[in-house]
$ cat final36.pdb   # PDB, N, CA and C atoms
ATOM      1  N   MET A  29     232.127  22.165 185.206
ATOM      2  CA  MET A  29     233.049  21.646 184.223
ATOM      3  C   MET A  29     232.496  21.838 182.815
ATOM      4  N   ASP A  30     231.250  21.506 182.609
ATOM      5  CA  ASP A  30     230.671  21.710 181.283
ATOM      6  C   ASP A  30     230.580  23.192 180.958
ATOM      7  N   GLY A  31     230.326  24.025 181.943
ATOM      8  CA  GLY A  31     230.236  25.455 181.721
ATOM      9  C   GLY A  31     231.547  26.038 181.264
ATOM     10  N   GLU A  32     232.633  25.534 181.765
ATOM     11  CA  GLU A  32     233.943  26.042 181.352
ATOM     12  C   GLU A  32     234.220  25.719 179.892
ATOM     13  N   ILE A  33     233.886  24.531 179.476
ATOM     14  CA  ILE A  33     234.135  24.126 178.088
ATOM     15  C   ILE A  33     233.256  24.947 177.145
ATOM     16  N   PHE A  34     232.007  25.137 177.555
ATOM     17  CA  PHE A  34     231.084  25.872 176.696
ATOM     18  C   PHE A  34     231.493  27.334 176.571
ATOM     19  N   THR A  35     231.840  27.976 177.671
ATOM     20  CA  THR A  35     232.234  29.387 177.600
ATOM     21  C   THR A  35     233.584  29.553 176.926
ATOM     22  N   ALA A  36     234.436  28.561 177.035
ATOM     23  CA  ALA A  36     235.744  28.671 176.396
ATOM     24  C   ALA A  36     235.620  28.635 174.877
ATOM     25  N   THR A  37     234.614  27.939 174.360
ATOM     26  CA  THR A  37     234.459  27.890 172.913
ATOM     27  C   THR A  37     233.800  29.153 172.377
ATOM     28  N   LEU A  38     232.983  29.839 173.196
ATOM     29  CA  LEU A  38     232.297  31.028 172.717
ATOM     30  C   LEU A  38     233.133  32.288 172.887
ATOM     31  N   VAL A  39     233.913  32.380 173.936
ATOM     32  CA  VAL A  39     234.688  33.580 174.214
ATOM     33  C   VAL A  39     236.108  33.368 173.715
ATOM     34  N   PRO A  40     236.607  34.250 172.863
ATOM     35  CA  PRO A  40     237.977  34.077 172.383
ATOM     36  C   PRO A  40     238.969  34.372 173.508
ATOM     37  N   PRO A  41     240.146  33.777 173.456
ATOM     38  CA  PRO A  41     241.162  34.065 174.469
ATOM     39  C   PRO A  41     241.560  35.532 174.449
ATOM     40  N   GLY A  42     242.104  36.006 175.548
ATOM     41  CA  GLY A  42     242.420  37.419 175.687
ATOM     42  C   GLY A  42     243.464  37.910 174.711
ATOM     43  N   ASN A  43     244.398  37.079 174.294
ATOM     44  CA  ASN A  43     245.458  37.546 173.409
ATOM     45  C   ASN A  43     245.022  37.601 171.945
ATOM     46  N   MET A  44     243.866  37.005 171.600
ATOM     47  CA  MET A  44     243.374  37.035 170.222
ATOM     48  C   MET A  44     242.188  37.995 170.140
ATOM     49  N   THR A  45     242.275  38.988 169.289
ATOM     50  CA  THR A  45     241.151  39.907 169.094
ATOM     51  C   THR A  45     240.325  39.413 167.914
ATOM     52  N   PRO A  46     239.013  39.363 168.058
ATOM     53  CA  PRO A  46     238.185  38.905 166.938
ATOM     54  C   PRO A  46     238.175  39.938 165.819
ATOM     55  N   ASN A  47     238.176  39.443 164.607
ATOM     56  CA  ASN A  47     238.169  40.314 163.435
ATOM     57  C   ASN A  47     236.714  40.694 163.145
ATOM     58  N   SER A  48     236.271  41.817 163.692
ATOM     59  CA  SER A  48     234.876  42.220 163.547
ATOM     60  C   SER A  48     234.645  43.087 162.317
ATOM     61  N   SER A  49     235.704  43.540 161.676
ATOM     62  CA  SER A  49     235.512  44.354 160.482
ATOM     63  C   SER A  49     235.224  43.453 159.286
ATOM     64  N   MET A  50     234.226  43.845 158.515
ATOM     65  CA  MET A  50     233.833  43.063 157.349
ATOM     66  C   MET A  50     234.395  43.721 156.096
ATOM     67  N   THR A  51     234.695  42.902 155.118
ATOM     68  CA  THR A  51     235.170  43.443 153.844
ATOM     69  C   THR A  51     233.993  44.002 153.062
ATOM     70  N   LEU A  52     234.291  44.728 152.004
ATOM     71  CA  LEU A  52     233.234  45.308 151.174
ATOM     72  C   LEU A  52     232.385  44.217 150.526
ATOM     73  N   GLU A  53     233.025  43.128 150.139
ATOM     74  CA  GLU A  53     232.277  42.021 149.528
ATOM     75  C   GLU A  53     231.320  41.391 150.527
ATOM     76  N   GLN A  54     231.747  41.236 151.773
ATOM     77  CA  GLN A  54     230.877  40.669 152.801
ATOM     78  C   GLN A  54     229.719  41.603 153.118
ATOM     79  N   LYS A  55     229.978  42.903 153.165
ATOM     80  CA  LYS A  55     228.913  43.868 153.433
ATOM     81  C   LYS A  55     227.891  43.872 152.308
ATOM     82  N   THR A  56     228.371  43.799 151.069
ATOM     83  CA  THR A  56     227.470  43.770 149.921
ATOM     84  C   THR A  56     226.621  42.506 149.928
ATOM     85  N   THR A  57     227.243  41.380 150.221
ATOM     86  CA  THR A  57     226.504  40.115 150.290
ATOM     87  C   THR A  57     225.480  40.150 151.404
ATOM     88  N   PHE A  58     225.862  40.693 152.552
ATOM     89  CA  PHE A  58     224.947  40.781 153.684
ATOM     90  C   PHE A  58     223.753  41.674 153.344
ATOM     91  N   ALA A  59     223.992  42.811 152.694
ATOM     92  CA  ALA A  59     222.903  43.701 152.301
ATOM     93  C   ALA A  59     221.991  43.033 151.271
ATOM     94  N   PHE A  60     222.571  42.299 150.335
ATOM     95  CA  PHE A  60     221.768  41.598 149.328
ATOM     96  C   PHE A  60     220.895  40.524 149.962
ATOM     97  N   VAL A  61     221.433  39.799 150.918
ATOM     98  CA  VAL A  61     220.657  38.759 151.608
ATOM     99  C   VAL A  61     219.521  39.386 152.407
ATOM    100  N   ILE A  62     219.772  40.519 153.047
ATOM    101  CA  ILE A  62     218.719  41.222 153.787
ATOM    102  C   ILE A  62     217.616  41.676 152.829
ATOM    103  N   LEU A  63     217.992  42.201 151.665
ATOM    104  CA  LEU A  63     216.988  42.604 150.676
ATOM    105  C   LEU A  63     216.181  41.408 150.176
ATOM    106  N   LEU A  64     216.830  40.266 150.006
ATOM    107  CA  LEU A  64     216.095  39.064 149.595
ATOM    108  C   LEU A  64     215.106  38.611 150.657
ATOM    109  N   PHE A  65     215.498  38.717 151.928
ATOM    110  CA  PHE A  65     214.578  38.353 153.007
ATOM    111  C   PHE A  65     213.397  39.317 153.067
ATOM    112  N   ILE A  66     213.623  40.602 152.825
ATOM    113  CA  ILE A  66     212.519  41.563 152.797
ATOM    114  C   ILE A  66     211.577  41.244 151.647
ATOM    115  N   PHE A  67     212.134  40.937 150.474
ATOM    116  CA  PHE A  67     211.320  40.576 149.313
ATOM    117  C   PHE A  67     210.525  39.293 149.580
ATOM    118  N   LEU A  68     211.157  38.316 150.222
ATOM    119  CA  LEU A  68     210.462  37.082 150.568
ATOM    120  C   LEU A  68     209.326  37.352 151.540
ATOM    121  N   GLY A  69     209.542  38.223 152.501
ATOM    122  CA  GLY A  69     208.485  38.566 153.449
ATOM    123  C   GLY A  69     207.304  39.227 152.764
ATOM    124  N   ILE A  70     207.595  40.132 151.819
ATOM    125  CA  ILE A  70     206.512  40.789 151.076
ATOM    126  C   ILE A  70     205.722  39.772 150.265
ATOM    127  N   LEU A  71     206.411  38.840 149.624
ATOM    128  CA  LEU A  71     205.715  37.815 148.838
ATOM    129  C   LEU A  71     204.875  36.902 149.713
ATOM    130  N   ILE A  72     205.372  36.544 150.895
ATOM    131  CA  ILE A  72     204.610  35.693 151.804
ATOM    132  C   ILE A  72     203.346  36.402 152.259
ATOM    133  N   VAL A  73     203.462  37.683 152.613
ATOM    134  CA  VAL A  73     202.280  38.437 153.044
ATOM    135  C   VAL A  73     201.276  38.533 151.903
ATOM    136  N   ARG A  74     201.757  38.782 150.690
ATOM    137  CA  ARG A  74     200.864  38.901 149.531
ATOM    138  C   ARG A  74     200.147  37.578 149.245
ATOM    139  N   CYS A  75     200.877  36.481 149.337
ATOM    140  CA  CYS A  75     200.257  35.181 149.079
ATOM    141  C   CYS A  75     199.206  34.848 150.135
ATOM    142  N   PHE A  76     199.482  35.157 151.398
ATOM    143  CA  PHE A  76     198.492  34.892 152.432
ATOM    144  C   PHE A  76     197.260  35.765 152.260
ATOM    145  N   ARG A  77     197.442  37.015 151.807
ATOM    146  CA  ARG A  77     196.277  37.867 151.570
ATOM    147  C   ARG A  77     195.424  37.324 150.435
ATOM    148  N   ILE A  78     196.060  36.798 149.390
ATOM    149  CA  ILE A  78     195.313  36.208 148.276
ATOM    150  C   ILE A  78     194.599  34.946 148.730
ATOM    151  N   LEU A  79     195.251  34.133 149.560
ATOM    152  CA  LEU A  79     194.613  32.914 150.051
ATOM    153  C   LEU A  79     193.423  33.216 150.946
ATOM    154  N   LEU A  80     193.505  34.270 151.747
ATOM    155  CA  LEU A  80     192.413  34.592 152.659
ATOM    156  C   LEU A  80     191.229  35.223 151.939
ATOM    157  N   ASP A  81     191.470  36.018 150.902
ATOM    158  CA  ASP A  81     190.386  36.675 150.176
ATOM    159  C   ASP A  81     190.704  36.665 148.676
ATOM    160  N   PRO A  82     190.481  35.534 147.993
ATOM    161  CA  PRO A  82     190.911  35.425 146.590
ATOM    162  C   PRO A  82     190.087  36.264 145.626
ATOM    163  N   TYR A  83     188.855  36.620 145.977
ATOM    164  CA  TYR A  83     188.002  37.329 145.028
ATOM    165  C   TYR A  83     188.136  38.843 145.128
ATOM    166  N   ARG A  84     188.918  39.336 146.088
ATOM    167  CA  ARG A  84     189.088  40.772 146.240
ATOM    168  C   ARG A  84     189.859  41.367 145.065
ATOM    169  N   SER A  85     190.837  40.642 144.542
ATOM    170  CA  SER A  85     191.674  41.181 143.479
ATOM    171  C   SER A  85     191.090  40.968 142.085
ATOM    172  N   MET A  86     189.974  40.247 141.978
ATOM    173  CA  MET A  86     189.376  40.020 140.662
ATOM    174  C   MET A  86     188.525  41.221 140.247
ATOM    175  N   PRO A  87     188.524  41.561 138.973
ATOM    176  CA  PRO A  87     187.683  42.684 138.523
ATOM    177  C   PRO A  87     186.201  42.319 138.593
ATOM    178  N   THR A  88     185.363  43.329 138.771
ATOM    179  CA  THR A  88     183.929  43.061 138.880
ATOM    180  C   THR A  88     183.285  42.901 137.507
ATOM    181  N   SER A  89     183.883  43.426 136.451
ATOM    182  CA  SER A  89     183.314  43.282 135.116
ATOM    183  C   SER A  89     183.776  41.961 134.502
ATOM    184  N   THR A  90     183.052  41.509 133.494
ATOM    185  CA  THR A  90     183.408  40.278 132.800
ATOM    186  C   THR A  90     183.693  40.595 131.340
ATOM    187  N   TRP A  91     184.096  39.591 130.615
ATOM    188  CA  TRP A  91     184.440  39.792 129.208
ATOM    189  C   TRP A  91     183.210  40.117 128.380
ATOM    190  N   ALA A  92     182.024  39.734 128.824
ATOM    191  CA  ALA A  92     180.808  39.940 128.043
ATOM    192  C   ALA A  92     180.182  41.306 128.277
ATOM    193  N   ASP A  93     180.740  42.141 129.140
ATOM    194  CA  ASP A  93     180.143  43.449 129.408
ATOM    195  C   ASP A  93     180.183  44.365 128.191
ATOM    196  N   GLY A  94     181.196  44.237 127.361
ATOM    197  CA  GLY A  94     181.335  45.141 126.236
ATOM    198  C   GLY A  94     180.526  44.771 125.012
ATOM    199  N   LEU A  95     179.851  43.635 124.997
ATOM    200  CA  LEU A  95     179.090  43.201 123.826
ATOM    201  C   LEU A  95     177.710  43.848 123.837
ATOM    202  N   ASP A  96     177.388  44.575 122.794
ATOM    203  CA  ASP A  96     176.079  45.221 122.696
ATOM    204  C   ASP A  96     175.096  44.292 122.003
ATOM    205  N   GLY A  97     173.891  44.269 122.489
ATOM    206  CA  GLY A  97     172.837  43.491 121.855
ATOM    207  C   GLY A  97     172.838  42.024 122.224
ATOM    208  N   LEU A  98     173.708  41.589 123.089
ATOM    209  CA  LEU A  98     173.732  40.196 123.496
ATOM    210  C   LEU A  98     173.585  40.105 125.006
ATOM    211  N   GLU A  99     172.932  39.087 125.417
ATOM    212  CA  GLU A  99     172.853  38.810 126.846
ATOM    213  C   GLU A  99     174.152  38.144 127.279
ATOM    214  N   LYS A 100     174.465  38.252 128.544
ATOM    215  CA  LYS A 100     175.658  37.584 129.045
ATOM    216  C   LYS A 100     175.482  36.082 128.925
ATOM    217  N   GLY A 101     176.495  35.419 128.385
ATOM    218  CA  GLY A 101     176.435  33.976 128.246
ATOM    219  C   GLY A 101     176.040  33.513 126.866
ATOM    220  N   GLN A 102     175.604  34.402 125.982
ATOM    221  CA  GLN A 102     175.242  33.998 124.628
ATOM    222  C   GLN A 102     176.478  34.045 123.743
ATOM    223  N   PHE A 103     176.651  33.017 122.968
ATOM    224  CA  PHE A 103     177.817  32.925 122.103
ATOM    225  C   PHE A 103     177.435  32.924 120.629
ATOM    226  N   ASP A 104     176.277  33.390 120.277
ATOM    227  CA  ASP A 104     175.758  33.271 118.928
ATOM    228  C   ASP A 104     176.607  34.038 117.924
ATOM    229  N   TYR A 105     177.737  33.493 117.651
ATOM    230  CA  TYR A 105     178.651  34.044 116.652
ATOM    231  C   TYR A 105     178.935  35.521 116.898
ATOM    232  N   ALA A 106     179.222  35.867 118.122
ATOM    233  CA  ALA A 106     179.486  37.259 118.485
ATOM    234  C   ALA A 106     180.815  37.738 117.887
ATOM    235  N   LEU A 107     181.744  36.840 117.700
ATOM    236  CA  LEU A 107     183.040  37.246 117.193
ATOM    237  C   LEU A 107     183.157  37.111 115.685
ATOM    238  N   ALA A 108     182.190  36.487 115.037
ATOM    239  CA  ALA A 108     182.271  36.257 113.587
ATOM    240  C   ALA A 108     181.843  37.466 112.793
TER     241      ALA A 108
END
$ encode --input "final36.pdb" --output "structure tokens"
Amino acid sequence: MDGEIFTATLVPPGNMTPNSSMTLEQKTTFAFVILLFIFLGILIVRCFRILLDPYRSMPTSTWADGLDGLEKGQFDYALA
């Protein structure tokens, strides 16, 4: 008895054909949503990679590498 009710709601009656053709607006919306999900997936993967190895994307040089005549960490009026 429960099976009949459940299948009756999922399967359309024989005299009614389901409208399976989508309009251009629906196709465009569907494609846009798929592109958003792909973009979200790329961002999730990128964020997890940064969380797992945060120092991989940092440059190995520092701001003090270009200063001549000063040791790293000295601030003795280097910019003045």
$ select_by_dssp --input "final36.pdb" --residues "region 46-84 of chain A" --states "helix (DSSP H, G or I)" --output "ChimeraX atom specification"
/A:52-80
$ residues_around --input "final36.pdb" --residues "Ser85 (chain A)" --least-positions-apart "5" --cutoff "12 Å" --atoms "only C-alpha atoms" --output "list in words"
Arg74, Cys75, Arg77, Ile78, Leu79 and Leu80 of chain A
$ atom_distance --input "final36.pdb" --atom1 "atom C of Phe58 (chain A)" --atom2 "atom N of Ile70 (chain A)"
16.3 Å
$ atom_distance --input "final36.pdb" --atom1 "CA of Pro87 (chain A)" --atom2 "CA of Phe67 (chain A)"
26.1 Å
$ atom_distance --input "final36.pdb" --atom1 "CA of Arg84 (chain A)" --atom2 "CA of Phe65 (chain A)"
26.5 Å
$ axis_aligned_box --input "final36.pdb" --around "region 63-78 of chain A" --padding-each-side "3 Å" --output "lines of an AutoDock Vina configuration file"
center_x = 206.3
center_y = 38.7
center_z = 150.9
size_x = 29.4
size_y = 13.8
size_z = 11.2
